[in-house]
$ cat work_20.tsv   # TSV, C-alpha atoms and all ligand atoms
chain	number	residue	atom	x	y	z
A	1	MET	CA	0.00	0.00	0.00
A	2	THR	CA	1.16	3.53	-0.65
A	3	ALA	CA	0.01	5.94	2.03
A	4	LYS	CA	-1.91	9.12	1.33
A	5	LEU	CA	0.38	12.07	2.02
A	6	ILE	CA	-0.96	14.62	4.50
A	7	LYS	CA	0.77	17.77	3.30
A	8	GLY	CA	1.04	20.60	5.79
A	9	THR	CA	2.00	22.93	2.96
A	10	GLU	CA	-1.43	22.38	1.30
A	11	ILE	CA	-3.50	22.45	4.51
A	12	ARG	CA	-1.68	25.66	5.51
A	13	GLU	CA	-2.86	27.34	2.30
A	14	GLU	CA	-6.47	26.27	2.95
A	15	ILE	CA	-6.45	27.56	6.52
A	16	LEU	CA	-4.66	30.83	5.73
A	17	GLU	CA	-7.22	31.48	3.00
A	18	GLU	CA	-10.06	30.83	5.46
A	19	ILE	CA	-8.46	33.20	7.99
A	20	THR	CA	-7.99	35.91	5.34
A	21	GLN	CA	-11.67	35.71	4.39
A	22	GLU	CA	-12.81	35.84	8.01
A	23	VAL	CA	-10.54	38.81	8.74
A	24	LYS	CA	-12.13	40.67	5.81
A	25	GLU	CA	-15.64	39.87	7.07
A	26	ILE	CA	-14.86	40.98	10.64
A	27	LYS	CA	-13.24	44.16	9.35
A	28	ALA	CA	-16.33	44.95	7.25
A	29	LYS	CA	-18.78	44.26	10.11
A	30	HIS	CA	-16.84	45.42	13.16
A	31	GLY	CA	-14.17	47.75	11.78
A	32	VAL	CA	-11.28	45.89	13.44
A	33	VAL	CA	-8.60	43.36	12.49
A	34	PRO	CA	-6.62	41.02	14.77
A	35	GLY	CA	-3.55	42.67	16.31
A	36	LEU	CA	-0.44	40.59	16.92
A	37	VAL	CA	2.73	41.84	18.59
A	38	THR	CA	6.01	39.96	18.18
A	39	ILE	CA	8.63	40.79	20.78
A	40	LEU	CA	12.16	39.87	19.77
A	41	VAL	CA	14.97	40.39	22.26
A	42	GLY	CA	18.42	40.51	20.66
A	43	ALA	CA	19.40	39.24	17.24
A	44	ASN	CA	19.67	35.45	17.36
A	45	PRO	CA	19.65	34.49	13.63
A	46	ALA	CA	17.27	31.54	14.11
A	47	SER	CA	14.89	33.75	16.14
A	48	ILE	CA	15.02	36.44	13.45
A	49	SER	CA	14.06	33.94	10.77
A	50	TYR	CA	11.13	32.54	12.86
A	51	VAL	CA	9.90	36.03	13.69
A	52	THR	CA	10.18	37.13	10.05
A	53	LEU	CA	8.04	34.19	8.95
A	54	LYS	CA	5.43	35.00	11.62
A	55	ILE	CA	5.35	38.65	10.55
A	56	GLN	CA	5.03	37.79	6.86
A	57	THR	CA	2.20	35.37	7.57
A	58	ALA	CA	0.39	37.89	9.79
A	59	HIS	CA	0.60	40.49	7.01
A	60	ARG	CA	-0.62	37.98	4.46
A	61	VAL	CA	-3.83	37.26	6.38
A	62	GLY	CA	-4.52	40.96	6.99
A	63	PHE	CA	-3.56	41.29	10.67
A	64	ASN	CA	-2.21	44.43	12.24
A	65	GLU	CA	1.32	43.25	13.03
A	66	VAL	CA	3.46	45.11	15.53
A	67	GLN	CA	7.11	44.20	15.50
A	68	ASP	CA	8.82	45.13	18.76
A	69	ASN	CA	12.58	44.54	18.67
A	70	GLN	CA	14.42	45.03	21.94
A	71	SER	CA	18.09	45.22	22.76
A	72	PRO	CA	19.66	42.08	24.31
A	73	ASP	CA	20.49	44.27	27.32
A	74	ILE	CA	16.87	44.98	28.21
A	75	SER	CA	16.27	44.30	31.90
A	76	GLU	CA	13.74	41.74	33.05
A	77	ALA	CA	11.73	44.52	34.72
A	78	ASP	CA	11.58	46.53	31.48
A	79	LEU	CA	10.51	43.48	29.49
A	80	LEU	CA	7.78	42.75	32.03
A	81	ALA	CA	6.65	46.39	31.79
A	82	LEU	CA	6.51	46.05	28.00
A	83	ILE	CA	4.30	42.97	28.28
A	84	ASP	CA	2.08	44.81	30.72
A	85	LYS	CA	1.73	47.62	28.17
A	86	TYR	CA	0.57	45.17	25.48
A	87	ASN	CA	-1.69	43.34	27.95
A	88	LYS	CA	-3.53	46.64	28.40
A	89	ASP	CA	-3.50	47.61	24.71
A	90	ASP	CA	-6.99	47.03	23.28
A	91	SER	CA	-5.73	46.79	19.69
A	92	ILE	CA	-3.52	43.79	20.53
A	93	ASN	CA	-5.11	40.33	20.60
A	94	GLY	CA	-2.00	38.18	20.65
A	95	ILE	CA	1.39	38.61	22.32
A	96	LEU	CA	4.37	36.55	21.21
A	97	VAL	CA	7.72	36.57	22.95
A	98	GLN	CA	10.28	34.85	20.77
A	99	LEU	CA	12.42	32.37	22.72
A	100	PRO	CA	15.17	31.92	23.76
A	101	LEU	CA	15.59	35.04	25.89
A	102	PRO	CA	19.01	36.24	27.13
A	103	LYS	CA	20.26	34.39	30.22
A	104	HIS	CA	19.66	37.28	32.66
A	105	ILE	CA	15.90	37.08	31.98
A	106	ASP	CA	13.67	34.44	33.57
A	107	GLU	CA	11.70	33.04	30.59
A	108	LYS	CA	9.03	31.47	32.77
A	109	LYS	CA	8.37	34.74	34.56
A	110	VAL	CA	8.05	36.57	31.24
A	111	LEU	CA	5.73	34.02	29.62
A	112	ASN	CA	3.56	33.87	32.74
A	113	ALA	CA	3.19	37.67	32.65
A	114	ILE	CA	1.29	37.50	29.34
A	115	ASP	CA	-2.47	37.93	29.77
A	116	PRO	CA	-3.82	34.36	29.27
A	117	ASP	CA	-6.47	35.84	26.97
A	118	LYS	CA	-3.68	37.10	24.67
A	119	ASP	CA	-1.44	34.03	25.05
A	120	VAL	CA	-1.89	32.79	21.49
A	121	ASP	CA	1.04	30.36	21.87
A	122	GLY	CA	-1.08	28.57	24.49
A	123	PHE	CA	1.78	28.00	26.96
A	124	HIS	CA	0.48	30.00	29.93
A	125	PRO	CA	-0.48	27.70	32.84
A	126	VAL	CA	-4.04	29.05	32.66
A	127	ASN	CA	-4.31	27.89	29.04
A	128	VAL	CA	-2.69	24.55	29.87
A	129	GLY	CA	-5.39	24.14	32.54
A	130	ARG	CA	-8.14	25.15	30.11
A	131	LEU	CA	-6.82	22.57	27.62
A	132	MET	CA	-6.91	19.89	30.32
A	133	ILE	CA	-10.53	20.72	31.21
A	134	GLY	CA	-11.46	20.65	27.51
A	135	GLY	CA	-14.68	21.61	25.73
A	136	SER	CA	-15.70	25.25	25.82
A	137	GLU	CA	-12.98	26.04	28.39
A	138	VAL	CA	-10.30	25.75	25.69
A	139	LYS	CA	-9.15	29.07	24.24
A	140	PHE	CA	-5.74	28.61	22.65
A	141	PRO	CA	-4.45	25.08	22.07
A	142	PRO	CA	-0.66	25.17	21.68
A	143	CYS	CA	0.08	25.65	18.00
A	144	THR	CA	1.96	22.47	17.02
A	145	PRO	CA	-0.54	20.05	18.64
A	146	PHE	CA	-3.41	22.18	17.32
A	147	GLY	CA	-1.91	21.79	13.82
A	148	ILE	CA	-1.51	18.04	14.26
A	149	GLN	CA	-5.16	17.58	15.25
A	150	GLU	CA	-6.30	19.78	12.36
A	151	MET	CA	-4.25	17.71	9.88
A	152	ILE	CA	-5.77	14.47	11.14
A	153	VAL	CA	-9.29	15.89	10.92
A	154	ARG	CA	-8.83	17.48	7.50
A	155	ALA	CA	-7.36	14.24	6.14
A	156	GLY	CA	-10.66	12.59	7.10
A	157	VAL	CA	-9.11	10.16	9.60
A	158	GLU	CA	-11.59	8.83	12.19
A	159	THR	CA	-10.45	9.75	15.68
A	160	SER	CA	-13.44	8.55	17.70
A	161	GLY	CA	-12.55	5.22	19.30
A	162	ALA	CA	-9.14	5.22	17.58
A	163	GLU	CA	-6.08	3.93	19.41
A	164	VAL	CA	-3.72	6.91	19.48
A	165	VAL	CA	-0.13	6.37	20.54
A	166	VAL	CA	1.99	9.46	21.17
A	167	VAL	CA	5.77	9.01	21.27
A	168	GLY	CA	7.17	11.78	23.47
A	169	ARG	CA	5.89	13.62	26.54
A	170	SER	CA	7.16	17.17	26.10
A	171	ASN	CA	5.07	20.12	27.26
A	172	ILE	CA	4.94	21.59	23.77
A	173	VAL	CA	3.95	18.51	21.75
A	174	GLY	CA	3.53	15.11	23.42
A	175	LYS	CA	1.49	15.95	26.53
A	176	PRO	CA	-0.84	18.51	24.91
A	177	ILE	CA	-1.64	16.43	21.81
A	178	ALA	CA	-2.33	13.39	24.01
A	179	ASN	CA	-4.62	15.53	26.16
A	180	MET	CA	-6.42	16.92	23.11
A	181	MET	CA	-7.04	13.54	21.50
A	182	VAL	CA	-8.53	12.04	24.68
A	183	GLN	CA	-11.11	14.83	25.15
A	184	LYS	CA	-14.79	14.24	24.64
A	185	GLY	CA	-15.68	15.95	21.37
A	186	PRO	CA	-15.11	16.15	17.62
A	187	GLY	CA	-11.60	15.42	16.33
A	188	ALA	CA	-10.89	13.54	19.55
A	189	ASN	CA	-12.67	10.80	21.60
A	190	SER	CA	-9.57	8.61	21.14
A	191	THR	CA	-8.00	6.06	23.46
A	192	VAL	CA	-4.57	7.49	24.13
A	193	THR	CA	-1.24	6.05	25.23
A	194	ILE	CA	1.88	8.16	25.79
A	195	VAL	CA	5.27	6.46	25.46
A	196	HIS	CA	8.73	7.81	26.30
A	197	THR	CA	12.30	6.73	27.05
A	198	ARG	CA	11.26	4.65	30.09
A	199	THR	CA	8.56	2.75	28.22
A	200	LYS	CA	9.33	-0.96	28.30
A	201	ASP	CA	8.31	-2.09	24.83
A	202	LEU	CA	7.98	0.88	22.51
A	203	ALA	CA	7.41	-1.29	19.43
A	204	SER	CA	4.41	-3.17	20.86
A	205	HIS	CA	2.64	0.09	21.74
A	206	CYS	CA	3.31	1.64	18.33
A	207	LYS	CA	2.01	-1.48	16.59
A	208	ARG	CA	-1.41	-0.99	18.22
A	209	ALA	CA	-1.79	2.56	16.97
A	210	ASP	CA	-4.50	3.55	14.50
A	211	ILE	CA	-2.99	7.02	14.79
A	212	LEU	CA	0.71	7.19	15.63
A	213	ILE	CA	2.05	10.63	16.59
A	214	VAL	CA	5.82	10.73	16.91
A	215	ALA	CA	7.57	13.67	18.61
A	216	ALA	CA	10.84	12.31	19.95
A	217	GLY	CA	13.54	14.15	18.01
A	218	VAL	CA	15.33	10.91	17.07
A	219	PRO	CA	15.83	10.30	13.33
A	220	ASP	CA	14.26	7.06	12.08
A	221	LEU	CA	13.25	6.01	15.61
A	222	VAL	CA	10.04	4.39	14.37
A	223	LYS	CA	10.72	1.34	12.25
A	224	PRO	CA	8.36	0.28	9.46
A	225	GLU	CA	7.52	-2.99	11.26
A	226	TRP	CA	6.15	-0.94	14.20
A	227	ILE	CA	3.43	0.53	12.00
A	228	LYS	CA	-0.01	-1.03	11.83
A	229	PRO	CA	-1.04	-1.43	8.17
A	230	GLY	CA	-3.31	1.45	7.20
A	231	ALA	CA	-2.44	3.57	10.26
A	232	CYS	CA	-2.22	7.35	10.19
A	233	VAL	CA	1.37	8.36	10.98
A	234	ILE	CA	2.09	11.93	12.06
A	235	ASP	CA	5.83	12.59	12.15
A	236	VAL	CA	6.55	15.70	14.21
A	237	GLY	CA	10.32	15.17	14.38
A	238	VAL	CA	12.61	17.63	12.67
A	239	ASN	CA	16.18	16.36	12.76
A	240	ARG	CA	19.12	17.97	10.98
A	241	VAL	CA	21.12	15.09	9.57
A	242	GLY	CA	23.48	16.96	7.25
A	243	GLU	CA	23.79	19.83	4.80
A	244	LYS	CA	23.27	20.26	1.07
A	245	VAL	CA	23.39	23.06	-1.46
A	246	SER	CA	19.95	24.41	-2.37
A	247	GLU	CA	19.17	24.12	-6.09
A	248	LYS	CA	17.10	27.31	-5.84
A	249	THR	CA	19.46	29.64	-3.98
A	250	GLY	CA	22.85	27.94	-4.24
A	251	LYS	CA	23.17	28.35	-0.47
A	252	LYS	CA	23.87	25.61	2.05
A	253	ILE	CA	20.71	24.27	3.69
A	254	ALA	CA	20.06	21.60	6.31
A	255	ILE	CA	19.01	18.11	5.31
A	256	LEU	CA	15.99	17.34	7.49
A	257	LYS	CA	14.68	13.97	8.54
A	258	GLY	CA	11.73	12.97	10.66
A	259	ASP	CA	11.44	10.46	13.51
A	260	VAL	CA	9.92	7.84	11.18
A	261	ASP	CA	11.64	5.88	8.44
A	262	PHE	CA	9.47	7.62	5.83
A	263	GLU	CA	10.40	5.67	2.68
A	264	ALA	CA	9.56	2.31	4.22
A	265	ALA	CA	6.66	3.56	6.38
A	266	LYS	CA	4.76	5.06	3.46
A	267	GLU	CA	4.35	1.57	1.98
A	268	ILE	CA	2.58	0.37	5.16
A	269	ALA	CA	0.72	3.35	6.58
A	270	GLY	CA	-2.65	4.58	5.26
A	271	TYR	CA	-1.74	8.23	5.83
A	272	ILE	CA	1.61	9.82	6.54
A	273	THR	CA	3.10	13.30	6.94
A	274	PRO	CA	6.38	14.08	5.14
A	275	VAL	CA	9.37	15.86	6.72
A	276	PRO	CA	9.79	18.62	5.72
A	277	GLY	CA	6.39	19.87	4.52
A	278	GLY	CA	4.24	18.01	7.02
A	279	VAL	CA	3.61	19.24	10.56
A	280	GLY	CA	6.19	22.05	10.29
A	281	PRO	CA	4.12	24.54	8.23
A	282	MET	CA	1.13	24.07	10.54
A	283	THR	CA	2.57	25.74	13.65
A	284	ILE	CA	2.62	29.35	12.42
A	285	THR	CA	-0.69	28.75	10.66
A	286	MET	CA	-2.36	27.79	13.93
A	287	LEU	CA	-0.74	30.77	15.62
A	288	MET	CA	-2.65	32.94	13.16
A	289	LEU	CA	-5.85	31.02	13.86
A	290	ASN	CA	-5.39	31.48	17.63
A	291	THR	CA	-4.88	35.22	17.12
A	292	LEU	CA	-8.06	35.44	15.05
A	293	LYS	CA	-9.87	33.42	17.76
A	294	SER	CA	-8.61	35.87	20.39
A	295	LEU	CA	-10.30	38.77	18.59
A	296	LYS	CA	-13.45	36.69	18.08
A	297	PHE	CA	-13.61	35.89	21.81
A	298	LYS	CA	-13.29	39.60	22.55
A	299	LEU	CA	-16.06	40.50	20.09
A	300	GLY	CA	-18.29	37.77	21.50
A	301	LEU	CA	-18.26	35.89	18.18
A	302	MET	CA	-17.11	32.64	19.84
B	1	LIG	P1	11.68	17.03	23.61
B	1	LIG	O1	11.26	18.08	24.55
B	1	LIG	O2	13.13	16.70	23.45
B	1	LIG	O3	10.92	15.70	23.98
B	1	LIG	C1	11.18	14.49	23.33
B	1	LIG	C2	10.33	13.41	23.94
B	1	LIG	O4	10.57	12.21	23.22
B	1	LIG	C3	10.66	13.14	25.40
B	1	LIG	O5	9.48	12.95	26.13
B	1	LIG	C4	11.48	11.86	25.35
B	1	LIG	O6	11.27	11.00	26.46
B	1	LIG	C5	10.93	11.18	24.11
B	1	LIG	N1	11.96	10.34	23.49
B	1	LIG	C6	13.17	10.71	23.05
B	1	LIG	N2	13.86	9.65	22.58
B	1	LIG	C7	13.04	8.59	22.75
B	1	LIG	C8	13.18	7.21	22.48
B	1	LIG	N3	14.32	6.70	21.96
B	1	LIG	N4	12.15	6.39	22.78
B	1	LIG	C9	11.02	6.89	23.33
B	1	LIG	N5	10.83	8.19	23.61
B	1	LIG	C10	11.82	9.02	23.31
B	1	LIG	O7	11.18	17.31	22.13
B	1	LIG	P2	9.92	18.15	21.54
B	1	LIG	O8	10.15	19.58	21.81
B	1	LIG	O9	8.64	17.52	21.93
B	1	LIG	O10	10.17	17.91	19.99
B	1	LIG	C11	10.18	16.61	19.44
B	1	LIG	C12	10.54	16.69	17.97
B	1	LIG	O11	9.53	17.43	17.31
B	1	LIG	C13	11.84	17.41	17.67
B	1	LIG	O12	12.47	16.82	16.56
B	1	LIG	C14	11.41	18.82	17.34
B	1	LIG	O13	12.33	19.49	16.49
B	1	LIG	C15	10.11	18.55	16.64
B	1	LIG	N6	9.16	19.67	16.71
B	1	LIG	C16	8.62	20.11	15.54
B	1	LIG	C17	7.72	21.14	15.56
B	1	LIG	C18	7.13	21.61	14.27
B	1	LIG	O14	7.30	21.01	13.26
B	1	LIG	N7	6.41	22.68	14.21
B	1	LIG	C19	7.36	21.76	16.75
B	1	LIG	C20	7.90	21.26	17.94
B	1	LIG	C21	8.80	20.22	17.90
B	1	LIG	P3	11.69	11.39	27.97
B	1	LIG	O15	10.64	12.36	28.43
B	1	LIG	O16	11.64	10.11	28.69
B	1	LIG	O17	13.05	12.01	27.88

$ encode --input "work_20.tsv" --output "structure tokens"
Amino acid sequence: MTAKLIKGTEIREEILEEITQEVKEIKAKHGVVPGLVTILVGANPASISYVTLKIQTAHRVGFNEVQDNQSPDISEADLLALIDKYNKDDSINGILVQLPLPKHIDEKKVLNAIDPDKDVDGFHPVNVGRLMIGGSEVKFPPCTPFGIQEMIVRAGVETSGAEVVVVGRSNIVGKPIANMMVQKGPGANSTVTIVHTRTKDLASHCKRADILIVAAGVPDLVKPEWIKPGACVIDVGVNRVGEKVSEKTGKKIAILKGDVDFEAAKEIAGYITPVPGGVGPMTITMLMLNTLKSLKFKLGLM
């Protein structure tokens, strides 16, 4: 069998188009657009490239994007004051602080200072609690797990009653996606197992999975014989395994590999996400959706 590819690059285009349309409608009816501020401290090249992509995407969907670049010497108190300013700013619906922050700043303190109703990354403990409660309590699911669930749903994969096995228990992927899939409601209602480095027999758990979500950060961890024929395999892993020269730009670029042996797995699975071009493009997309949702909550449209 050759698996159906679930392409994040295509689903991203669908969702961004839907967001753009909704932004236009809200602007016409209510005279406002979502406001997103991106706070970048210092000039870490990887952070600059992430922030640039977020800004470009926000512009594309018609948001009011505020780019706030701060010197690496900014004090923790001044950064907290800046967040307070945006918490109180009515035109801002989402606040992003690009990580990592310089060592003299306590990241946890800064992230926890963001108003939970503007925490479109979904990492504030209040939003983690809301996610755990589920249903109408949920405001902003963290973006990567939110993207994973959306891909599964849009691919038409049945989640109700499905055995979902999640490899990895991080706070940004493994735990939240497991929590989302076990909730009572559409796109969920699954029976969920989380496995990690202390799990006794990883293979036997993976083999049971109707939906296998792998977020370990270990290239080719999941072997083809661990995959149930016809299963939906979501490979979250992004591992740099070398470098090559880009045909487009002539510049050196990283060779990326997922956590699943893709070439062999695609002959067994029913659905599979590629790396790159699978889960990756979904994260910023769902960040935009969370920012739109934030405005809709404020306007009483949700
Ligand atoms: P993380 O914080 O390092 O967590 C990895 C998890 O995988 C841990 O729970 C670890 O178990 C488990 N694990 C590692 N090796 C294992 C093994 N051999 N067997 C079983 N479990 C194993 O990583 P993360 O932040 O969740 O990210 C995971 C991967 O997803 C990375 O490659 C990352 O780059 C990628 N990622 C992609 C996106 C995106 O595409 N947008 C977003 C986020 C992350 P223990 O807890 O026991 O150590």

$ residues_near_ligand --input "work_20.tsv" --ligand "ligand LIG 1 (chain B)" --cutoff "7 Å" --atoms "all atoms listed in the file" --output "MDAnalysis selection string"
chainID A and resid 144 167:174 195:199 202 215:218 221 236:239 279:283

$ residues_around --input "work_20.tsv" --residues "Val110 in chain A" --least-positions-apart "5" --cutoff "12 Å" --atoms "all atoms listed in the file" --output "PyMOL selection string"
chain A and resi 39+41+75-84+95-102+104-105+115+119+123-124

$ atom_distance --input "work_20.tsv" --atom1 "CA of Pro72 in chain A" --atom2 "CA of Ala43 in chain A"
7.6 Å

$ atom_distance --input "work_20.tsv" --atom1 "CA of Met181 in chain A" --atom2 "CA of Tyr271 in chain A"
17.4 Å

$ closest_residue --input "work_20.tsv" --among "A:Val153, A:Ala28, A:Lys118, A:Glu267" --to "Asp89 in chain A" --atoms "only C-alpha atoms"
A:Lys118

$ closest_residue --input "work_20.tsv" --among "A:Lys7, A:Lys244, A:Lys228, A:Lys29" --to "Arg208 in chain A" --atoms "all atoms listed in the file"
A:Lys228

$ atom_distance --input "work_20.tsv" --atom1 "CA of Gly135 in chain A" --atom2 "CA of Glu158 in chain A"
18.9 Å

$ closest_residue --input "work_20.tsv" --among "A:Gly134, A:Gly31, A:Gly8, A:Pro229" --to "Gly270 in chain A" --atoms "only C-alpha atoms"
A:Pro229

$ closest_residue --input "work_20.tsv" --among "A:Glu150, A:Gly277, A:Glu225, A:Lys296" --to "Ala203 in chain A" --atoms "only C-alpha atoms"
A:Glu225

$ closest_residue --input "work_20.tsv" --among "A:Leu131, A:Ile211, A:Val166, A:Val51" --to "Thr193 in chain A" --atoms "only C-alpha atoms"
A:Val166

$ closest_residue --input "work_20.tsv" --among "A:Ile6, A:Val66, A:Ile213, A:Val33" --to "Arg154 in chain A" --atoms "all atoms listed in the file"
A:Ile6

$ residues_around --input "work_20.tsv" --residues "Pro145 in chain A" --least-positions-apart "2" --cutoff "7 Å" --atoms "all atoms listed in the file" --output "ChimeraX atom specification"
/A:142-143,147-149,173,176-177
